[in-house]
Amino acid sequence: MFLKLRLQVRNFFKKYKNKIFIVIVIWVAILIINYLLGQKKEPQVLNTTYTPHNVVLLSDTKVPEKLQNPIEDLIEDYVNKCNNKDYKGAYALLTEDCKNHAFNNSLEEFTTYASSIFPEKKRYSIQNYSNIGNQYIYNLKLINDIITTGLTDETYAYYEEKIAIKQENDELKLSVNDYMSSKELKNVAEDDYLKIRIETKEQYYDHETYTIRATNKTDKNVVIFDGVAGKEMYLISGTDQRAPSVVDSKLMLIPGETKTIKATFSKYYDEQVPADHIIFNKIRIMTDEYTGEEETEEEQLKKASRVYSINASIQ
């Protein structure tokens, strides 16, 4: 039986050996082609989708096409001047508002800021982030210029901030260091005890700083804010109550005294809901027993003849 099977197999291969050989050759060729195709790398295609003027956040306005090249030229001019230590030239590209509020009209202050951001030459990229009316906010990212500095000790760290571009006297000007704008308010809240005046609002991209001037009209010591009591002052934005992140001084007044402080609250410039007032929530009219050394809210309240609140508009 096995002999018969062996004869049949041998006869089959003798009869079809040419065809079998052709099939084997084709099969090997297919294997070789598949291997070569697997080793072949697809050519890399450069990503050319960089669109610096397409806004990231939903905004009511877009950067007009006619302003896109001038904006790019302005930012390039600013970065080049800072790279070349021409701080006076870079300072001239800023809005007057930015010079005044972000740098106190001081080239020296701007130079300190710019030299800290540009200790060495930087390369940059920009992206339109949001737009408020005719003010165009960009994210400016700065990285070390490895073409100039090489890769030695390179950490690939980067710095970024929000900058705003606006028209000023028919020229495009910059606001830098996250500074956006300012507003003179001169809003007054007054009663028999106090006169509180919200004088200015300085808006940075992620916070607002208010200049607050208060006058004590009584013959008693008055405590408006000293950090002892909770919720002494907060910003109202829609349904949010935001405590200050920074207050530069206590607001405690002796009889007849006037004092000015600055209070900073977290608030993004492009938030849809604006802030509308500041509440001074625990104004304490103190008795003669008050010493100013009370360390707890309970101790203070025992020596207060009246505790009440005042709402001051910031619109």
# chains A, B, ... in the order shown; residues from 1 in each chain; ligands from 1

$ select_by_dssp --residues "region 139-226 of chain A" --states "alpha helix (DSSP H)" --output "ChimeraX atom specification"
/A:146-149

$ write_last_selection --atoms "C-alpha atoms" --output "mmCIF file, in the first residue's frame"
data_model
loop_
_atom_site.group_PDB
_atom_site.id
_atom_site.type_symbol
_atom_site.label_atom_id
_atom_site.label_comp_id
_atom_site.auth_asym_id
_atom_site.auth_seq_id
_atom_site.Cartn_x
_atom_site.Cartn_y
_atom_site.Cartn_z
ATOM 1 C CA ILE A 146 19.589 76.885 19.383
ATOM 2 C CA ILE A 147 20.887 77.961 15.965
ATOM 3 C CA THR A 148 22.824 80.684 17.797
ATOM 4 C CA THR A 149 23.518 79.009 21.140
#

$ closest_residue --among "A:Thr215, A:Gln68, A:Asn128, A:Thr111" --to "Asp191 (chain A)" --atoms "only C-alpha atoms"
A:Thr215

$ select_by_dssp --residues "region 66-280 of chain A" --states "strand (DSSP E)" --output "ChimeraX atom specification"
/A:122-132,135-144,158-168,171-175,179-190,194-204,207-216,222-225,233-237,240-242,246-247,251-253,258-266,277-280

$ closest_residue --among "A:Glu120, A:Glu295, A:Glu232, A:Glu168" --to "Ser309 (chain A)" --atoms "only C-alpha atoms"
A:Glu232

$ closest_residue --among "A:Glu65, A:Glu160, A:Glu299, A:Asp248" --to "Arg123 (chain A)" --atoms "only C-alpha atoms"
A:Glu160

$ closest_residue --among "A:Lys183, A:Arg197, A:Ile310, A:Thr211" --to "Met233 (chain A)" --atoms "only C-alpha atoms"
A:Ile310

$ closest_atom_pairs --of "region 190-303 of chain A" --to "region 89-104 of chain A" --cutoff "12 Å" --atoms "only C-alpha atoms" --output "JSON lines"
{"residue": "A:Thr200", "atom": "CA", "partner": "A:His101", "partner_atom": "CA", "distance": 10.4}
{"residue": "A:Lys201", "atom": "CA", "partner": "A:His101", "partner_atom": "CA", "distance": 10.1}
{"residue": "A:Glu202", "atom": "CA", "partner": "A:His101", "partner_atom": "CA", "distance": 7.3}
{"residue": "A:Gln203", "atom": "CA", "partner": "A:His101", "partner_atom": "CA", "distance": 9.6}
{"residue": "A:Tyr204", "atom": "CA", "partner": "A:Ala102", "partner_atom": "CA", "distance": 9.1}
{"residue": "A:Thr209", "atom": "CA", "partner": "A:His101", "partner_atom": "CA", "distance": 10.6}
{"residue": "A:Tyr210", "atom": "CA", "partner": "A:His101", "partner_atom": "CA", "distance": 11.9}
{"residue": "A:Thr211", "atom": "CA", "partner": "A:His101", "partner_atom": "CA", "distance": 11.8}

$ residues_around --residues "region 263-271 of chain A" --least-positions-apart "5" --cutoff "6 Å" --atoms "only C-alpha atoms" --output "ChimeraX atom specification"
/A:205-210,244-247

$ closest_residue --among "A:Asn169, A:Leu142, A:Ala312, A:Leu174" --to "Ala214 (chain A)" --atoms "only C-alpha atoms"
A:Ala312

$ atom_distance --atom1 "CA of Lys81 (chain A)" --atom2 "CA of Met180 (chain A)"
21.4 Å

$ residues_around --residues "Lys162 (chain A)" --least-positions-apart "2" --cutoff "10 Å" --atoms "only C-alpha atoms" --output "list of chain:residue names"
A:Ile126, A:Gln127, A:Asn128, A:Tyr129, A:Ser130, A:Ile137, A:Tyr138, A:Asn139, A:Leu140, A:Lys141, A:Glu160, A:Ala164, A:Ser175, A:Val176, A:Asn177, A:Asp178, A:Tyr179, A:Met180, A:Tyr204, A:Tyr205, A:Asp206

$ residues_around --residues "Ile224 (chain A)" --least-positions-apart "5" --cutoff "7 Å" --atoms "only C-alpha atoms" --output "list of chain:residue names"
A:Leu251, A:Met252, A:Phe280, A:Lys282, A:Ile283, A:Arg284

$ write_last_selection --atoms "N, CA, C and O atoms" --output "mmCIF file, in the first residue's frame"
data_model
loop_
_atom_site.group_PDB
_atom_site.id
_atom_site.type_symbol
_atom_site.label_atom_id
_atom_site.label_comp_id
_atom_site.auth_asym_id
_atom_site.auth_seq_id
_atom_site.Cartn_x
_atom_site.Cartn_y
_atom_site.Cartn_z
ATOM 1 N N LEU A 251 -6.475 97.802 55.106
ATOM 2 C CA LEU A 251 -7.293 99.014 54.995
ATOM 3 C C LEU A 251 -7.945 99.255 56.353
ATOM 4 O O LEU A 251 -9.088 98.899 56.609
ATOM 5 N N MET A 252 -7.156 99.870 57.240
ATOM 6 C CA MET A 252 -7.596 100.211 58.595
ATOM 7 C C MET A 252 -7.398 101.712 58.753
ATOM 8 O O MET A 252 -6.305 102.237 58.499
ATOM 9 N N PHE A 280 -17.553 95.164 50.149
ATOM 10 C CA PHE A 280 -16.769 95.255 51.383
ATOM 11 C C PHE A 280 -17.706 94.725 52.471
ATOM 12 O O PHE A 280 -18.605 95.422 52.948
ATOM 13 N N LYS A 282 -17.406 93.153 55.626
ATOM 14 C CA LYS A 282 -17.357 93.166 57.096
ATOM 15 C C LYS A 282 -16.678 94.432 57.604
ATOM 16 O O LYS A 282 -15.647 94.388 58.284
ATOM 17 N N ILE A 283 -17.262 95.553 57.245
ATOM 18 C CA ILE A 283 -16.747 96.824 57.754
ATOM 19 C C ILE A 283 -17.050 96.894 59.246
ATOM 20 O O ILE A 283 -18.194 96.698 59.673
ATOM 21 N N ARG A 284 -16.021 97.175 60.047
ATOM 22 C CA ARG A 284 -16.185 97.212 61.492
ATOM 23 C C ARG A 284 -15.922 98.622 62.023
ATOM 24 O O ARG A 284 -14.809 99.146 61.855
#

$ closest_residue --among "A:Thr218, A:Gln315, A:Gln135, A:Asn83" --to "Thr287 (chain A)" --atoms "only C-alpha atoms"
A:Thr218

$ atom_distance --atom1 "CA of Gln272 (chain A)" --atom2 "CA of Ser182 (chain A)"
17.8 Å
